[in-house]
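Enquirer: File model_28.cif below, mmCIF, C-alpha atoms:
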```cif
data_entry
#
loop_
_atom_site.label_atom_id
_atom_site.label_comp_id
_atom_site.auth_asym_id
_atom_site.auth_seq_id
_atom_site.Cartn_x
_atom_site.Cartn_y
_atom_site.Cartn_z
CA MET A 1 0.00 0.00 0.00
CA ASN A 2 1.42 3.35 -1.00
CA GLU A 3 1.58 6.44 1.16
CA GLN A 4 -1.47 8.04 -0.38
CA ASN A 5 -3.62 4.97 0.18
CA GLU A 6 -2.33 4.72 3.71
CA LYS A 7 -3.30 8.33 4.40
CA GLN A 8 -6.71 7.73 2.84
CA LEU A 9 -7.26 4.65 4.98
CA GLU A 10 -6.19 6.57 8.09
CA GLN A 11 -8.65 9.37 7.39
CA LEU A 12 -11.44 6.94 6.56
CA ILE A 13 -11.03 4.97 9.78
CA HIS A 14 -10.58 8.14 11.81
CA ARG A 15 -13.86 9.55 10.56
CA GLU A 16 -15.73 6.33 11.20
CA LEU A 17 -14.33 5.92 14.70
CA ARG A 18 -14.93 9.53 15.68
CA LYS A 19 -18.56 9.22 14.67
CA LEU A 20 -19.10 6.57 17.31
CA PRO A 21 -21.17 7.84 20.23
CA GLU A 22 -20.14 7.26 23.84
CA LEU A 23 -21.17 3.88 25.17
CA PRO A 24 -23.68 3.99 28.01
CA ALA A 25 -22.14 3.01 31.33
CA PRO A 26 -23.91 0.21 33.22
CA GLU A 27 -26.76 1.37 35.44
CA THR A 28 -25.05 -0.21 38.42
CA LEU A 29 -21.80 1.76 38.14
CA VAL A 30 -22.86 4.75 40.28
CA HIS A 31 -24.22 2.47 42.99
CA ARG A 32 -21.05 0.33 42.95
CA VAL A 33 -18.78 3.35 43.22
CA MET A 34 -20.79 4.95 46.04
CA LEU A 35 -20.81 1.67 47.99
CA ALA A 36 -17.04 1.28 47.56
CA ALA A 37 -16.44 4.94 48.44
CA HIS A 38 -18.49 4.70 51.63
CA ALA A 39 -16.77 1.44 52.56
CA LYS A 40 -13.42 3.16 52.06
CA GLU A 41 -14.49 6.04 54.30
CA ARG A 42 -15.26 3.58 57.07
CA GLU A 43 -11.76 2.07 56.89
CA PRO A 44 -9.46 2.96 59.82
CA TRP A 45 -6.74 5.45 58.89
CA TRP A 46 -3.89 2.92 59.05
CA GLN A 47 -5.47 0.83 56.30
CA ARG A 48 -5.57 3.76 53.90
CA SER A 49 -2.79 5.22 51.78
CA TRP A 50 0.13 6.65 53.81
CA TRP A 51 -0.49 10.07 52.25
CA THR A 52 -3.90 10.28 53.89
CA TRP A 53 -2.66 9.36 57.42
CA PRO A 54 -2.90 11.97 60.20
CA LEU A 55 0.17 14.19 60.46
CA TRP A 56 1.31 12.78 63.82
CA ALA A 57 1.16 9.22 62.42
CA GLN A 58 3.09 10.27 59.34
CA MET A 59 5.78 11.88 61.56
CA ILE A 60 6.11 8.84 63.83
CA SER A 61 6.25 6.39 60.91
CA LEU A 62 8.78 8.56 59.12
CA ALA A 63 10.96 8.80 62.25
CA THR A 64 10.74 5.01 62.72
CA PHE A 65 11.70 4.45 59.11
CA VAL A 66 14.67 6.81 59.37
CA ALA A 67 15.82 5.14 62.61
CA CYS A 68 15.59 1.65 61.05
CA ALA A 69 17.41 2.79 57.93
CA GLY A 70 20.12 4.45 60.05
CA LEU A 71 20.55 1.34 62.22
CA THR A 72 20.74 -0.92 59.18
CA SER A 73 23.24 1.35 57.55
CA TYR A 74 25.33 1.49 60.75
CA LEU A 75 25.30 -2.30 61.16
CA ALA A 76 26.12 -2.85 57.50
CA GLY A 77 29.02 -0.43 57.84
CA ALA A 78 30.27 -2.20 60.97
CA VAL A 79 30.15 -5.61 59.29
CA TRP A 80 31.83 -4.21 56.20
CA ASP A 81 34.67 -2.78 58.26
CA GLY A 82 35.14 -6.12 59.97
CA LEU A 83 34.46 -4.69 63.39
CA ASN A 84 33.10 -7.09 65.96
CA VAL A 85 32.37 -9.66 63.26
CA THR A 86 33.56 -12.47 65.49
CA SER A 87 31.38 -11.43 68.38
CA LEU A 88 28.46 -11.00 65.99
CA SER A 89 28.90 -14.50 64.57
CA THR A 90 29.14 -15.90 68.12
CA ALA A 91 25.91 -14.15 69.01
CA VAL A 92 24.21 -15.50 65.91
CA SER A 93 25.38 -19.07 66.48
CA GLN A 94 24.22 -18.87 70.11
CA TRP A 95 20.83 -17.67 68.94
CA LEU A 96 20.64 -20.43 66.34
CA SER A 97 21.63 -23.14 68.83
CA GLY A 98 18.13 -22.81 70.32
CA TYR A 99 16.77 -24.23 67.08
CA ALA A 100 19.24 -27.18 66.96
CA PRO A 101 16.61 -29.90 67.73
CA ILE A 102 14.46 -28.76 64.79
CA TRP A 103 17.49 -28.82 62.51
CA GLU A 104 18.40 -32.33 63.73
CA ALA A 105 14.84 -33.57 63.09
CA LEU A 106 14.85 -32.11 59.59
CA LYS A 107 18.24 -33.71 58.90
CA ALA A 108 16.96 -37.10 60.00
CA LEU A 109 13.83 -36.76 57.88
CA PHE A 110 15.85 -35.76 54.84
CA GLY A 111 18.23 -38.71 55.42
CA ALA A 112 15.29 -41.10 55.63
CA VAL A 113 13.80 -39.82 52.39
CA LEU A 114 17.18 -40.18 50.68
CA LEU A 115 17.51 -43.74 52.00
CA VAL A 116 14.05 -44.66 50.67
CA LEU A 117 14.86 -43.20 47.29
CA GLN A 118 18.15 -45.13 47.15
CA LYS A 119 16.35 -48.36 48.01
CA LEU A 120 13.71 -47.79 45.34
CA GLY A 121 16.33 -47.19 42.71
CA GLN A 122 16.44 -45.05 39.58
CA PRO A 123 13.35 -46.40 37.75
CA ALA A 124 11.11 -45.36 40.60
CA LEU A 125 12.58 -41.86 40.46
CA PHE A 126 11.85 -41.65 36.74
CA VAL A 127 8.30 -42.87 37.27
CA ALA A 128 7.75 -40.30 40.04
CA GLY A 129 9.22 -37.51 37.91
CA GLY A 130 7.14 -38.55 34.91
CA SER A 131 3.98 -38.67 37.00
CA LEU A 132 4.65 -35.19 38.36
CA LEU A 133 5.18 -33.84 34.83
CA LEU A 134 2.01 -35.55 33.64
CA VAL A 135 -0.03 -34.05 36.47
CA TYR A 136 1.51 -30.63 35.78
CA PHE A 137 0.56 -30.69 32.10
CA LEU A 138 -2.87 -32.04 32.98
CA CYS A 139 -3.42 -29.05 35.28
CA VAL A 140 -2.20 -26.63 32.59
CA GLY A 141 -4.54 -28.25 30.06
CA VAL A 142 -7.57 -28.19 32.30
CA GLY A 143 -6.76 -24.61 33.31
CA THR A 144 -6.51 -23.54 29.67
CA VAL A 145 -9.82 -25.14 28.76
CA CYS A 146 -11.56 -23.57 31.77
CA PHE A 147 -10.04 -20.16 31.05
CA ARG A 148 -11.02 -20.15 27.41
CA PHE A 149 -14.50 -21.37 28.31
CA ALA A 150 -14.81 -18.56 30.86
CA ILE A 151 -13.57 -15.96 28.36
CA LYS A 152 -16.05 -17.18 25.78
CA ARG A 153 -18.87 -16.99 28.29
CA ALA A 154 -17.83 -13.45 29.30
CA MET B 1 -27.36 18.92 48.03
CA THR B 2 -24.96 16.75 50.06
CA ASP B 3 -21.44 15.86 48.94
CA SER B 4 -22.58 12.35 48.03
CA GLN B 5 -25.39 13.65 45.89
CA GLN B 6 -23.04 16.13 44.23
CA PHE B 7 -20.57 13.36 43.49
CA GLU B 8 -23.33 11.17 42.06
CA ALA B 9 -24.35 13.98 39.74
CA PHE B 10 -20.69 14.48 38.78
CA MET B 11 -20.36 10.76 38.04
CA LYS B 12 -23.47 10.73 35.91
CA SER B 13 -22.01 13.50 33.76
CA TYR B 14 -18.77 11.67 33.11
CA GLN B 15 -19.51 7.96 33.48
CA ASN B 16 -20.22 7.33 29.79
CA MET B 17 -16.98 9.00 28.73
CA VAL B 18 -14.92 7.04 31.26
CA PHE B 19 -16.65 3.76 30.51
CA SER B 20 -16.36 4.19 26.71
CA THR B 21 -12.65 4.91 26.97
CA ALA B 22 -12.14 1.88 29.18
CA VAL B 23 -14.20 -0.48 26.99
CA ARG B 24 -12.42 0.58 23.84
CA LEU B 25 -8.99 0.18 25.39
CA LEU B 26 -9.67 -3.07 27.23
CA GLY B 27 -12.11 -4.69 24.81
CA ASN B 28 -14.02 -6.16 27.73
CA GLN B 29 -17.07 -4.69 29.45
CA ALA B 30 -16.60 -6.31 32.85
CA GLU B 31 -12.99 -5.18 33.12
CA ALA B 32 -13.97 -1.74 31.87
CA GLU B 33 -16.55 -1.48 34.64
CA ASP B 34 -13.92 -2.38 37.24
CA VAL B 35 -11.51 0.20 35.87
CA SER B 36 -14.27 2.84 35.73
CA GLN B 37 -15.02 2.15 39.37
CA GLU B 38 -11.36 2.59 40.23
CA VAL B 39 -11.23 5.88 38.30
CA PHE B 40 -14.22 7.30 40.14
CA LEU B 41 -12.88 6.15 43.50
CA LYS B 42 -9.73 8.14 42.78
CA ALA B 43 -11.90 11.08 41.76
CA TYR B 44 -13.90 10.71 45.00
CA GLU B 45 -10.71 10.98 47.06
CA ARG B 46 -9.82 14.21 45.29
CA TYR B 47 -13.30 15.51 44.72
CA ASP B 48 -12.70 18.77 46.62
CA GLU B 49 -9.95 19.70 44.15
CA LEU B 50 -11.71 18.32 41.09
CA LYS B 51 -15.26 19.61 41.45
CA ASP B 52 -14.43 23.16 40.37
CA SER B 53 -11.62 22.29 37.99
CA PRO B 54 -12.20 23.08 34.31
CA THR B 55 -9.85 20.26 33.30
CA VAL B 56 -11.67 17.52 35.18
CA GLY B 57 -12.69 15.75 31.94
CA GLY B 58 -9.08 15.59 30.81
CA TRP B 59 -7.99 14.39 34.25
CA LEU B 60 -10.57 11.58 34.19
CA LYS B 61 -9.56 10.57 30.67
CA THR B 62 -5.86 10.48 31.56
CA VAL B 63 -6.48 8.45 34.72
CA THR B 64 -8.72 6.04 32.80
CA ARG B 65 -6.15 5.59 30.06
CA ASN B 66 -3.32 5.00 32.54
CA LEU B 67 -5.32 2.56 34.63
CA CYS B 68 -6.35 0.63 31.51
CA LEU B 69 -2.78 0.39 30.29
CA ASN B 70 -1.62 -0.68 33.77
CA HIS B 71 -4.40 -3.24 33.87
CA LEU B 72 -3.43 -4.62 30.47
CA SER B 73 0.25 -4.89 31.32
CA ARG B 74 -0.27 -6.21 34.85
CA TYR B 75 -3.14 -8.64 34.60
CA ARG B 76 -3.31 -9.65 30.97
CA ALA B 77 0.34 -10.69 30.90
CA ARG B 78 -0.42 -13.36 33.49
CA TRP B 79 -3.03 -14.90 31.25
CA ARG B 80 -1.31 -14.40 27.92
CA PHE B 81 -0.10 -17.99 27.94
CA PHE B 82 -3.68 -19.21 28.05
CA SER B 83 -5.57 -16.56 26.16
CA GLU B 84 -3.23 -15.88 23.27
CA MET B 85 -2.40 -19.46 22.38
CA ARG B 86 -4.45 -19.01 19.26
CA GLY B 87 -2.77 -17.08 16.47
CA GLU B 88 -3.53 -13.51 15.55
CA ASN B 89 -5.15 -14.70 12.34
CA ASP B 90 -7.81 -16.49 14.35
CA ASP B 91 -9.07 -13.10 15.41
CA ASP B 92 -8.98 -11.77 11.90
CA ASP B 93 -11.29 -14.48 10.72
CA SER B 94 -13.73 -14.31 13.57
CA THR B 95 -17.04 -12.54 13.29
CA PRO B 96 -18.69 -10.48 16.00
CA GLU B 97 -20.80 -12.57 18.34
CA TRP B 98 -23.79 -10.23 18.54
CA ALA B 99 -26.73 -10.99 16.34
CA ALA B 100 -25.67 -9.45 13.06
CA PRO B 101 -28.06 -9.25 10.14
CA ASP B 102 -27.37 -11.57 7.26
CA THR B 103 -26.02 -9.14 4.75
CA HIS B 104 -24.12 -5.92 4.74
CA GLU B 105 -27.01 -4.16 2.99
CA GLN B 106 -29.25 -5.03 5.90
CA GLN B 107 -26.69 -3.47 8.21
CA VAL B 108 -26.95 -0.24 6.30
CA ALA B 109 -30.74 -0.41 6.31
CA THR B 110 -31.01 -0.89 10.06
CA GLY B 111 -28.27 1.53 10.92
CA ASP B 112 -26.46 -1.00 13.10
CA HIS B 113 -23.08 -0.16 11.68
CA ARG B 114 -22.00 1.67 14.84
CA GLN B 115 -22.74 -1.37 16.90
CA LEU B 116 -20.88 -3.48 14.37
CA LEU B 117 -17.90 -1.13 14.46
CA GLU B 118 -17.82 -1.25 18.27
CA ALA B 119 -18.02 -5.04 18.18
CA VAL B 120 -15.28 -5.35 15.58
CA LEU B 121 -13.10 -2.90 17.51
CA GLN B 122 -13.50 -4.90 20.70
CA LYS B 123 -12.64 -8.11 18.85
CA LEU B 124 -9.31 -6.81 17.62
CA PRO B 125 -6.25 -8.25 19.39
CA SER B 126 -5.01 -5.97 22.20
CA ALA B 127 -1.74 -5.34 20.39
CA GLN B 128 -3.68 -3.72 17.54
CA ARG B 129 -6.68 -2.27 19.35
CA VAL B 130 -4.77 -0.33 22.03
CA PRO B 131 -2.53 1.74 19.70
CA LEU B 132 -5.47 2.27 17.32
CA VAL B 133 -7.65 3.62 20.13
CA LEU B 134 -4.85 5.79 21.49
CA TYR B 135 -4.29 7.26 18.03
CA HIS B 136 -7.84 7.83 16.87
CA PHE B 137 -9.71 8.46 20.12
CA GLU B 138 -7.05 9.83 22.42
CA ASP B 139 -5.31 11.92 19.75
CA MET B 140 -1.86 10.63 20.63
CA SER B 141 0.90 10.66 18.02
CA TYR B 142 2.73 7.52 16.91
CA GLU B 143 5.77 8.61 18.92
CA GLU B 144 3.74 9.20 22.07
CA ILE B 145 2.07 5.80 21.71
CA ALA B 146 5.42 4.07 21.21
CA ALA B 147 6.77 5.76 24.34
CA LYS B 148 3.64 4.99 26.35
CA LEU B 149 3.51 1.33 25.35
CA ARG B 150 7.32 0.95 25.43
CA VAL B 151 7.47 -0.53 21.95
CA SER B 152 9.23 0.59 18.81
CA LEU B 153 7.77 3.22 16.52
CA SER B 154 7.69 0.79 13.60
CA LYS B 155 5.71 -1.74 15.65
CA VAL B 156 3.14 0.91 16.54
CA LYS B 157 2.74 1.88 12.90
CA THR B 158 2.46 -1.72 11.76
CA ASP B 159 -0.08 -2.62 14.45
CA ILE B 160 -2.22 0.42 13.72
CA HIS B 161 -2.08 -0.30 10.00
CA ARG B 162 -3.16 -3.91 10.57
CA ALA B 163 -5.99 -2.76 12.81
CA ARG B 164 -7.23 -0.29 10.20
CA GLU B 165 -7.05 -2.93 7.49
CA ALA B 166 -8.96 -5.38 9.69
CA LEU B 167 -11.67 -2.77 10.32
CA ARG B 168 -11.85 -1.87 6.65
CA LYS B 169 -12.18 -5.51 5.57
CA LYS B 170 -14.72 -6.47 8.20
CA LEU B 171 -16.85 -3.41 7.66
CA LYS B 172 -16.44 -3.54 3.89
CA LEU B 173 -15.42 0.10 3.73
CA LYS B 174 -14.40 1.42 0.35
CA MET B 175 -11.23 3.40 0.06
CA THR B 176 -12.12 5.38 -3.01
CA GLY B 177 -15.41 6.77 -4.25
CA GLU B 178 -18.58 6.39 -2.23
CA GLU B 179 -18.33 4.47 0.98
CA ALA B 180 -20.53 1.62 1.99
CA TRP B 181 -22.05 3.58 4.87
CA GLY B 182 -21.76 7.02 3.35
CA GLY B 183 -19.05 7.42 5.96
CA LEU B 184 -17.35 10.34 4.25
CA HIS B 185 -19.89 12.77 5.68
CA GLY B 186 -19.81 14.28 9.10
CA ALA B 187 -16.07 14.33 9.82
CA GLU B 188 -15.59 15.52 13.37
CA SER B 189 -11.94 16.32 13.80
CA PRO B 190 -8.70 15.96 11.94
CA CYS B 191 -6.39 13.00 12.61
CA PRO B 192 -3.59 13.50 15.11
CA THR B 193 -0.22 13.90 13.47
#
```
Translate this structure into structure tokens?
Expert:
Amino acid sequence: MNEQNEKQLEQLIHRELRKLPELPAPETLVHRVMLAAHAKEREPWWQRSWWTWPLWAQMISLATFVACAGLTSYLAGAVWDGLNVTSLSTAVSQWLSGYAPIWEALKALFGAVLLVLQKLGQPALFVAGGSLLLVYFLCVGVGTVCFRFAIKRA
Amino acid sequence: MTDSQQFEAFMKSYQNMVFSTAVRLLGNQAEAEDVSQEVFLKAYERYDELKDSPTVGGWLKTVTRNLCLNHLSRYRARWRFFSEMRGENDDDDSTPEWAAPDTHEQQVATGDHRQLLEAVLQKLPSAQRVPLVLYHFEDMSYEEIAAKLRVSLSKVKTDIHRAREALRKKLKLKMTGEEAWGGLHGAESPCPT
């Protein structure tokens, strides 16, 4: 198509589209918006956007944020400089030692699963993997059919 | 008149404009209704500033356009795998699902061509419909559309051209001489450049 035809087509389509009237909005739109607006008004201030919070709440949250950012920055700097890293790691390991029994239980469980898998051998692993893949593709297929059906209905 | 009543009156004045923009960009009435609701909720939050503003129509249109484009990029992308498995040509061959008269002449006789045009527009693939609507309804230039949609200029031009061709073919518009609907009369505004 040459440039002149292209321009002609553009003007033709433009005229046709601009002649279209506005589509009527659904009757329920005003009611829906008013319901949502009133529901929003009833929300407590902390559930709304930060910009609409009371000034005192904005100041406190801002101060808290600045304090947290400062602390994080200070700690990151300290770790980076290698200061007190040893004592920090000791503190962390002490804190983690409280969770040792959970870790041991998880280790045992993992070992047991590994042992079972070793006993079953490679074929069983392939079968399990294949079954998982099959189920996955089945879900994708069913999902696709449902989605397209829903789109068609809409 | 209370604030609520004032806002309801304000909504009634603009709801068709907002809804039309949303439907044409999204190609889906239910999603357009959701976006329209979101637009008016934003307007409600800022109603004190907006009620006396002379540019409120433009503000509503811009917010609607941005929310529609956000909606398309955020939510549609998740479903693209499912919904766009069929090729683009599938859309080109489809016919509108509303009860269309048997022949094109009957269309002319009953004056349903606007409904047909709306239906065909909504059936276009998003990649073609969105730039077409931005160009012809929102008066954006090719460059502005490319920047807004973050695609290349050549892609915008190609998509818009394909959309126009699809509309022309489906509506049996004639390029030269008299048009099928007598569509050369009543031009409303020049095309954006």
Enquirer: So, with only C-alpha atoms as the atoms that count, which of A:Trp95, A:Ala57, A:Pro21, A:Glu3 lies closest to chain B?
Expert: A:Pro21
Enquirer: I need the contact residues of chain A against chain B, so if you could list those with any atom within 12 Å, counting all atoms listed in the file, and return them as number ranges by chain, that would help.
Expert: A: 1, 3-41, 48-49, 51-52, 140-154
Enquirer: Tell me, in Å to one decimal, how far CA of Ala112 in chain A is from CA of Val92 in chain A.
Expert: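 Distance between the two atoms: 29.0 Å.
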Enquirer: Expressed in Å to a single decimal, how great is the separation between CA of Leu171 in chain B and CA of Ala119 in chain B?
Expert: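 Taking CA of Leu171 in chain B and CA of Ala119 in chain B, their separation equals 10.7 Å.
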Enquirer: So the first atom is CA of Pro44 in chain A and the second is CA of Gly70 in chain A; what is the distance between them in Å, to one decimal place?
Expert: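 It comes out at 29.6 Å.
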Enquirer: Show me, as JSON, numbers by chain, the residues that have an atom within 10 Å of Trp59 in chain B when counting only C-alpha atoms, minus same-chain residues fewer than 5 positions from it.
Expert: {"B": [39, 43, 50, 53, 54, 64, 65]}
